[in-house]
Amino acid sequence: MKKAVCLIVLGICFLVPAFAQYDHPLWLNVVYIGNSITQGVLMDTPRRNAPPVKASIYLRQQEGVGEVKFSNQGASGKTTVDFLPETGTYFNNVKEAADQLKEDTWSTLIFSIMLGTNDSAIEGPNGAPVSPEAYYRNMSRIMDELLALYPGCLIVLHRPLWYSPNTHNASRYLEEGLERLQSYFPELDRLVDTYGKTHPGQVFAGDQEGFGFFQEHYADYFIPENGNSGTFYLHPNEAGATQLGRFWGKAIWNCLRQNE
């Protein structure tokens, strides 16, 4: 399903300082790829409060940034398997969004990816459970296609978030899933290392703070949900989405500065 590309415009009062200090302000186009957390499910107004919105606002507030356009390609319940290019499904949505954004040839095209929550489940989501080795292969396949289609793009890989070890809705995650989720972290590091050699300056480690932060502060930043194994915590509330957006925005901005 076609999703609208959004434009963050925060007013001329913010534009003047950036243009005054920089001859060529950064114009950023960001495609956020993820699952229900990226999509912003269970929120009253995800179009205003989902993590991609908050991350894009954070980026817009950085010195030297002109405008930030973005597309939220989060899809509830989806795994790396669902985003494989050869399936012709959710990757096509990503491509459609990126094709619109790439028309701004003066802008930097960025893919912000956080996948793994549903991959880690014991059963339920497509392809789950996904082994660490399969997770690496799937992510690599997605990234290879993005780099081929959009040669100048940047890819930022965020670690998936903590969820409570009793998480059990229509799918079963539980402690086994949480352990599997953390086994993806070294695979993300390996991807960054590998692509750092084959595609220097294009693939970066993204947020690594969110997992520990939300593990410690889940009661304040997650929505309590009734499940088959008691009340569980999986999805950020509006305050959590704001915090996650800041983590993503900060990570993306750090990657851009590394790429100067």
# chains A, B, ... in the order shown; residues from 1 in each chain; ligands from 1
call {"tool": "residues_around", "arguments": {"residues": "region 129-144 of chain A", "least_positions_apart": "2", "cutoff": "7 Å", "atoms": "only C-alpha atoms", "output": "MDAnalysis selection string"}}
result
chainID A and resid 80:81 84:85 119:123 127 146:148 183:184 187
call {"tool": "closest_atom_pairs", "arguments": {"of": "region 50-76 of chain A", "to": "region 33-45 of chain A", "cutoff": "7 Å", "atoms": "only C-alpha atoms", "output": "Markdown table"}}
result
| residue | atom | partner | partner_atom | distance |
| --- | --- | --- | --- | --- |
| A:Ala50 | CA | A:Gly40 | CA | 4.5 |
| A:Pro51 | CA | A:Thr38 | CA | 6.0 |
| A:Pro52 | CA | A:Thr38 | CA | 6.7 |
| A:Asn72 | CA | A:Gln39 | CA | 6.6 |
| A:Gln73 | CA | A:Ile33 | CA | 4.9 |
| A:Gly74 | CA | A:Gln39 | CA | 4.2 |
| A:Ala75 | CA | A:Asn35 | CA | 4.5 |
| A:Ser76 | CA | A:Ser36 | CA | 3.8 |
call {"tool": "write_last_selection", "arguments": {"atoms": "N, CA and C atoms", "output": "short mmCIF file (atom, residue, chain, number, x, y, z; two decimals), in the first residue's frame"}}
result
data_model
loop_
_atom_site.label_atom_id
_atom_site.label_comp_id
_atom_site.auth_asym_id
_atom_site.auth_seq_id
_atom_site.Cartn_x
_atom_site.Cartn_y
_atom_site.Cartn_z
N ALA A 50 4.82 8.81 16.03
CA ALA A 50 5.62 7.61 15.81
C ALA A 50 7.11 7.97 15.81
N PRO A 51 7.98 7.01 16.15
CA PRO A 51 9.41 7.31 16.23
C PRO A 51 10.01 7.98 14.99
N PRO A 52 9.62 7.61 13.75
CA PRO A 52 10.20 8.32 12.60
C PRO A 52 9.89 9.81 12.59
N ASN A 72 7.62 6.66 6.54
CA ASN A 72 7.53 5.62 7.58
C ASN A 72 7.09 4.31 6.93
N GLN A 73 8.04 3.40 6.76
CA GLN A 73 7.75 2.09 6.18
C GLN A 73 7.75 0.99 7.25
N GLY A 74 7.34 1.36 8.46
CA GLY A 74 7.12 0.35 9.50
C GLY A 74 5.85 -0.42 9.21
N ALA A 75 5.91 -1.75 9.37
CA ALA A 75 4.75 -2.60 9.11
C ALA A 75 4.60 -3.60 10.24
N SER A 76 3.48 -3.58 10.90
CA SER A 76 3.25 -4.40 12.09
C SER A 76 3.43 -5.88 11.81
#
call {"tool": "residues_around", "arguments": {"residues": "Pro224 (chain A)", "least_positions_apart": "6", "cutoff": "8 Å", "atoms": "only C-alpha atoms", "output": "list in words"}}
result
Thr231, Phe232, Tyr233 and Leu234 of chain A
call {"tool": "write_last_selection", "arguments": {"atoms": "all heavy atoms", "output": "mmCIF file, in the first residue's frame"}}
result
data_model
loop_
_atom_site.group_PDB
_atom_site.id
_atom_site.type_symbol
_atom_site.label_atom_id
_atom_site.label_comp_id
_atom_site.auth_asym_id
_atom_site.auth_seq_id
_atom_site.Cartn_x
_atom_site.Cartn_y
_atom_site.Cartn_z
ATOM 1 N N THR A 231 0.645 -9.553 31.871
ATOM 2 C CA THR A 231 0.885 -8.228 31.301
ATOM 3 C C THR A 231 2.310 -8.146 30.774
ATOM 4 O O THR A 231 3.267 -8.409 31.501
ATOM 5 C CB THR A 231 0.664 -7.136 32.360
ATOM 6 O OG1 THR A 231 -0.678 -7.216 32.845
ATOM 7 C CG2 THR A 231 0.898 -5.752 31.767
ATOM 8 N N PHE A 232 2.436 -7.764 29.500
ATOM 9 C CA PHE A 232 3.766 -7.694 28.897
ATOM 10 C C PHE A 232 4.027 -6.297 28.343
ATOM 11 O O PHE A 232 3.118 -5.467 28.208
ATOM 12 C CB PHE A 232 3.927 -8.754 27.801
ATOM 13 C CG PHE A 232 3.079 -8.535 26.570
ATOM 14 C CD1 PHE A 232 3.548 -7.802 25.493
ATOM 15 C CD2 PHE A 232 1.793 -9.083 26.485
ATOM 16 C CE1 PHE A 232 2.778 -7.601 24.362
ATOM 17 C CE2 PHE A 232 1.011 -8.894 25.354
ATOM 18 C CZ PHE A 232 1.498 -8.148 24.294
ATOM 19 N N TYR A 233 5.298 -6.059 27.995
ATOM 20 C CA TYR A 233 5.732 -4.746 27.509
ATOM 21 C C TYR A 233 6.527 -4.934 26.223
ATOM 22 O O TYR A 233 7.583 -5.568 26.224
ATOM 23 C CB TYR A 233 6.586 -4.037 28.567
ATOM 24 C CG TYR A 233 5.811 -3.737 29.829
ATOM 25 C CD1 TYR A 233 5.683 -4.693 30.837
ATOM 26 C CD2 TYR A 233 5.178 -2.510 29.994
ATOM 27 C CE1 TYR A 233 4.958 -4.431 31.979
ATOM 28 C CE2 TYR A 233 4.450 -2.236 31.144
ATOM 29 C CZ TYR A 233 4.339 -3.200 32.132
ATOM 30 O OH TYR A 233 3.610 -2.935 33.266
ATOM 31 N N LEU A 234 6.009 -4.372 25.150
ATOM 32 C CA LEU A 234 6.612 -4.543 23.833
ATOM 33 C C LEU A 234 6.667 -3.243 23.044
ATOM 34 O O LEU A 234 7.660 -2.963 22.376
ATOM 35 C CB LEU A 234 5.813 -5.594 23.045
ATOM 36 C CG LEU A 234 6.166 -5.820 21.581
ATOM 37 C CD1 LEU A 234 7.589 -6.364 21.445
ATOM 38 C CD2 LEU A 234 5.166 -6.790 20.932
#
call {"tool": "residues_around", "arguments": {"residues": "region 153-158 of chain A", "least_positions_apart": "6", "cutoff": "6 Å", "atoms": "only C-alpha atoms", "output": "MDAnalysis selection string"}}
result
chainID A and resid 109:114 202:207
call {"tool": "write_last_selection", "arguments": {"atoms": "N, CA and C atoms", "output": "PDB file, in the first residue's frame"}}
result
ATOM      1  N   LEU A 109      20.034  10.523   0.707  1.00  0.00           N
ATOM      2  CA  LEU A 109      19.026   9.484   0.932  1.00  0.00           C
ATOM      3  C   LEU A 109      19.546   8.510   1.986  1.00  0.00           C
ATOM      4  N   ILE A 110      18.764   8.319   3.029  1.00  0.00           N
ATOM      5  CA  ILE A 110      19.166   7.489   4.168  1.00  0.00           C
ATOM      6  C   ILE A 110      18.106   6.424   4.422  1.00  0.00           C
ATOM      7  N   PHE A 111      18.555   5.199   4.645  1.00  0.00           N
ATOM      8  CA  PHE A 111      17.657   4.134   5.074  1.00  0.00           C
ATOM      9  C   PHE A 111      17.970   3.822   6.545  1.00  0.00           C
ATOM     10  N   SER A 112      16.984   4.041   7.391  1.00  0.00           N
ATOM     11  CA  SER A 112      17.100   3.772   8.824  1.00  0.00           C
ATOM     12  C   SER A 112      16.346   2.464   9.103  1.00  0.00           C
ATOM     13  N   ILE A 113      17.077   1.441   9.543  1.00  0.00           N
ATOM     14  CA  ILE A 113      16.477   0.103   9.654  1.00  0.00           C
ATOM     15  C   ILE A 113      16.538  -0.399  11.089  1.00  0.00           C
ATOM     16  N   MET A 114      15.384  -0.819  11.611  1.00  0.00           N
ATOM     17  CA  MET A 114      15.334  -1.553  12.874  1.00  0.00           C
ATOM     18  C   MET A 114      14.391  -2.736  12.708  1.00  0.00           C
ATOM     19  N   GLN A 202      29.133   4.120   3.786  1.00  0.00           N
ATOM     20  CA  GLN A 202      27.710   4.013   3.441  1.00  0.00           C
ATOM     21  C   GLN A 202      26.873   3.254   4.467  1.00  0.00           C
ATOM     22  N   VAL A 203      27.474   2.367   5.236  1.00  0.00           N
ATOM     23  CA  VAL A 203      26.724   1.560   6.203  1.00  0.00           C
ATOM     24  C   VAL A 203      27.278   1.824   7.602  1.00  0.00           C
ATOM     25  N   PHE A 204      26.366   2.132   8.538  1.00  0.00           N
ATOM     26  CA  PHE A 204      26.777   2.562   9.869  1.00  0.00           C
ATOM     27  C   PHE A 204      25.983   1.849  10.962  1.00  0.00           C
ATOM     28  N   ALA A 205      26.624   1.709  12.111  1.00  0.00           N
ATOM     29  CA  ALA A 205      25.916   1.264  13.312  1.00  0.00           C
ATOM     30  C   ALA A 205      25.031   2.404  13.794  1.00  0.00           C
ATOM     31  N   GLY A 206      23.774   2.082  14.058  1.00  0.00           N
ATOM     32  CA  GLY A 206      22.838   3.081  14.533  1.00  0.00           C
ATOM     33  C   GLY A 206      22.708   3.065  16.044  1.00  0.00           C
ATOM     34  N   ASP A 207      21.489   3.190  16.525  1.00  0.00           N
ATOM     35  CA  ASP A 207      21.246   3.273  17.963  1.00  0.00           C
ATOM     36  C   ASP A 207      21.603   1.979  18.677  1.00  0.00           C
TER      37      ASP A 207
END
call {"tool": "select_by_dssp", "arguments": {"residues": "region 157-213 of chain A", "states": "strand (DSSP E or B)", "output": "PDB file with N, CA, C and O atoms, in the first residue's frame"}}
result
ATOM      1  N   LEU A 157      21.895   1.004  10.779  1.00  0.00           N
ATOM      2  CA  LEU A 157      21.319  -0.205  11.370  1.00  0.00           C
ATOM      3  C   LEU A 157      21.181  -0.046  12.879  1.00  0.00           C
ATOM      4  O   LEU A 157      22.176  -0.026  13.612  1.00  0.00           O
ATOM      5  N   HIS A 168       3.817 -12.298  24.924  1.00  0.00           N
ATOM      6  CA  HIS A 168       3.072 -13.405  24.313  1.00  0.00           C
ATOM      7  C   HIS A 168       1.691 -12.888  23.933  1.00  0.00           C
ATOM      8  O   HIS A 168       0.777 -12.837  24.759  1.00  0.00           O
ATOM      9  N   ARG A 172       4.339 -15.968  20.072  1.00  0.00           N
ATOM     10  CA  ARG A 172       5.075 -16.280  21.306  1.00  0.00           C
ATOM     11  C   ARG A 172       6.516 -15.790  21.173  1.00  0.00           C
ATOM     12  O   ARG A 172       7.234 -16.175  20.258  1.00  0.00           O
ATOM     13  N   VAL A 203      27.474   2.367   5.236  1.00  0.00           N
ATOM     14  CA  VAL A 203      26.724   1.560   6.203  1.00  0.00           C
ATOM     15  C   VAL A 203      27.278   1.824   7.602  1.00  0.00           C
ATOM     16  O   VAL A 203      28.486   1.714   7.839  1.00  0.00           O
ATOM     17  N   PHE A 204      26.366   2.132   8.538  1.00  0.00           N
ATOM     18  CA  PHE A 204      26.777   2.562   9.869  1.00  0.00           C
ATOM     19  C   PHE A 204      25.983   1.849  10.962  1.00  0.00           C
ATOM     20  O   PHE A 204      24.827   1.465  10.758  1.00  0.00           O
ATOM     21  N   ALA A 205      26.624   1.709  12.111  1.00  0.00           N
ATOM     22  CA  ALA A 205      25.916   1.264  13.312  1.00  0.00           C
ATOM     23  C   ALA A 205      25.031   2.404  13.794  1.00  0.00           C
ATOM     24  O   ALA A 205      25.483   3.548  13.910  1.00  0.00           O
TER      25      ALA A 205
END
call {"tool": "select_by_dssp", "arguments": {"residues": "region 40-259 of chain A", "states": "alpha helix (DSSP H)", "output": "PyMOL selection string"}}
result
chain A and resi 46-49+51-60+90-101+132-149+174-183+185-198+210-221+238-258
call {"tool": "atom_distance", "arguments": {"atom1": "CA of Ser229 (chain A)", "atom2": "CA of Asn166 (chain A)"}}
result
5.8 Å
call {"tool": "closest_residue", "arguments": {"among": "A:Arg159, A:Arg60, A:Lys69, A:Lys95", "to": "Phe211 (chain A)", "atoms": "only C-alpha atoms"}}
result
A:Arg159
call {"tool": "atom_distance", "arguments": {"atom1": "CA of Val31 (chain A)", "atom2": "CA of Lys54 (chain A)"}}
result
13.5 Å
